[in-house]
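*Asks:* Below is the structure I would like to discuss, written out as structure tokens.
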Amino acid sequence: MTHREVLRALSGLLLVLFVALTSSTVVSVALPQIIGALNGTQSQYTWVVTATLLASTASTPIWGKLADLFSKKLLLQTAICLFVVSSVACGFAQSTGQLIAFRVIQGLGMGAVQVLVQVVIGAMISPKERGRYNGYLGGVMAVATVGGPLLGGFITDTSWLGWRWCFFVAVPFALVAFVMLARTLHLVETRRPDAKVDYLGASLIAAGVSLLLLWVTFVGDDFDWISWQSGAMVAGSLLILGAAVLVEARVKEPVVPLHVVRRRDPALAIVASLSVGMAMFGGAVFLGQYFQIGRGYSPIQSGLLTIPLMFGVLVSSTVAGRLVSRTGKVKPFILTGVVVLTLGLLGLSTIDHTTSLVLVGVGMFAVGAGVGMSMQNLVLVLQNTVPLRELGAASGAITFFRSLGGTMGVSVLGAVLASQVSTKIADGLKKLGVDPAASSSGGSTLNLKAMPPQIQEVVRAAYGDATGHIFLIAACIAVVGVAAASFLTPTKLRDSVDL
């Protein structure tokens, strides 16, 4: 494909990626109203989020492997259709049970789109040239992350739209992307009639990861970290994943190619990606809560306040991507990125409910810049080491570990935040002469409007001051990424699509 043809096809790829990523963030602001309108419970509230996350993360390596065996273009179109149908179904859901079921299907489509877009780009563009296009990918991810909650807040607050349009709004854009890709994407597909899908390995991976994610989701709330439930779920997950490794080592067409992930650079890229995912997603998820509860801003205002994070990703991914394409070197940018990410998280670890918004903005920009320089380039390291026939499985593996890291980061840091907030609220209430056990404020700390002004201030201070602790933990996690990136081999990217 010529440069012009690549750009035309890339427009459709970026549009569908943007739609998929936005659909996961646009609902976050509207969830309280959605669950209220459908008469759902708090546990169902959690499951509306968890169902999508489980389906997306667990199916990622499977979609990646299918891309190595069958037509990448056809699989991507199938994923778009799956996403469109499930989005419409979510919009028409009449109960939380129906919504959760449709969100599982939507998660399958979202996971497929995220990994298949990277696979298709890898099949069109050589690793060396791919650097300049990674800037576009980083920009799309940044805008979707920040723009989703803003769009969700606008849709929910607009009387003639309502929460159902949080699901419907993605449909026309996804259909436009489908048509664009049908007309512009032309890949040379290699037919493999003898190819077999490893259904046993895929099922074991999905089951093991799902059990692990369920534990990560519920531990700390429904049962303690050290309990028989934790032991049973973690041991069960490790046994199932151990069986999956044995199967993958013996089958002809493994879902996750062990010979690839055992190599030094791919293994280090996966470790660094897992670390960046835990630090980035785990920390950034709670920024909206910090601005809304800790500082008293509205959902739309809190979205606007996170623009420095988006701007950091957009600028650094574009600049670093072009420099990678020009030099063919990727390690210096990854190492610089994870160091800047760590420094940004350390800066945010000092914030409380009175910190200057300028200092918070500088910390967020550094975090965004670090992510922009490292995240997509870590995918590039892995893709540079594999032939075209293994591109899908390799891309699926690193995307899977990044998503897994993000999920675990959100759960672990969320548990720490909840513990810190509970302690700080109890201390604050004691200073006011209020018995924490007799007050309901500690049990419903998100319903600020129902509290007296003095207790509101205690709760705001608790959330504002506790947020710094989770960024300190995120910075410690990011140090693992610095260590992994420092041991990467300083190789040059190849300038051909295949080895």
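Following the order of the structure tokens, chains are lettered A, B, ..., residues in each are numbered from 1, and ligands are numbered from 1.
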As a PyMOL selection string, please: every residue in segment 242-404 of chain A that a backbone DSSP assignment puts in helix (DSSP H, G or I).
*Replies:* chain A and resi 242-250+258-261+264-284+287-294+299-305+307-327+331-348+357-384+388-404
*Asks:* Pull the closest atom pair for each residue of segment 126-224 of chain A that gets at most 12 Å from segment 403-411 of chain A, along with the distance in Å to one decimal, counting only C-alpha atoms, ordering rows by chain and then ascending residue number, as CSV.
*Replies:*
```
residue,atom,partner,partner_atom,distance
A:Val209,CA,A:Leu404,CA,8.4
A:Ser210,CA,A:Leu404,CA,10.2
A:Leu212,CA,A:Met408,CA,9.2
A:Leu213,CA,A:Thr407,CA,7.4
A:Leu214,CA,A:Met408,CA,10.2
A:Trp215,CA,A:Ser411,CA,9.5
A:Val216,CA,A:Ser411,CA,5.9
A:Thr217,CA,A:Ser411,CA,5.9
A:Phe218,CA,A:Ser411,CA,8.3
A:Val219,CA,A:Ser411,CA,8.1
A:Gly220,CA,A:Ser411,CA,8.7
A:Asp221,CA,A:Ser411,CA,10.1
```
*Asks:* Between A:Ile351, A:Leu15, A:Ala485, A:Val313, which one has atoms that come closest to Gly370 of chain A, using only C-alpha atoms?
*Replies:*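 Looking at the shortest contact to Gly370 of chain A, the residue is A:Val313.
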*Asks:* Work out how far apart atom CA of Val386 of chain A and atom CA of Val260 of chain A are and give it in Å to one decimal.
*Replies:*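 According to the coordinates, atom CA of Val386 of chain A and atom CA of Val260 of chain A are separated by 7.4 Å.
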*Asks:* Using only C-alpha atoms, determine which residues lie at most 10 Å from segment 480-482 of chain A, disregarding the query and same-chain residues fewer than 2 positions distant; provide the list as a PyMOL selection string.
*Replies:* chain A and resi 268-277+279+334-342+374+475-478+484-487
*Asks:* To one decimal place, how far is atom CA of Trp225 of chain A from atom CA of Val459 of chain A in Å?
*Replies:*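 So the answer is 25.4 Å.
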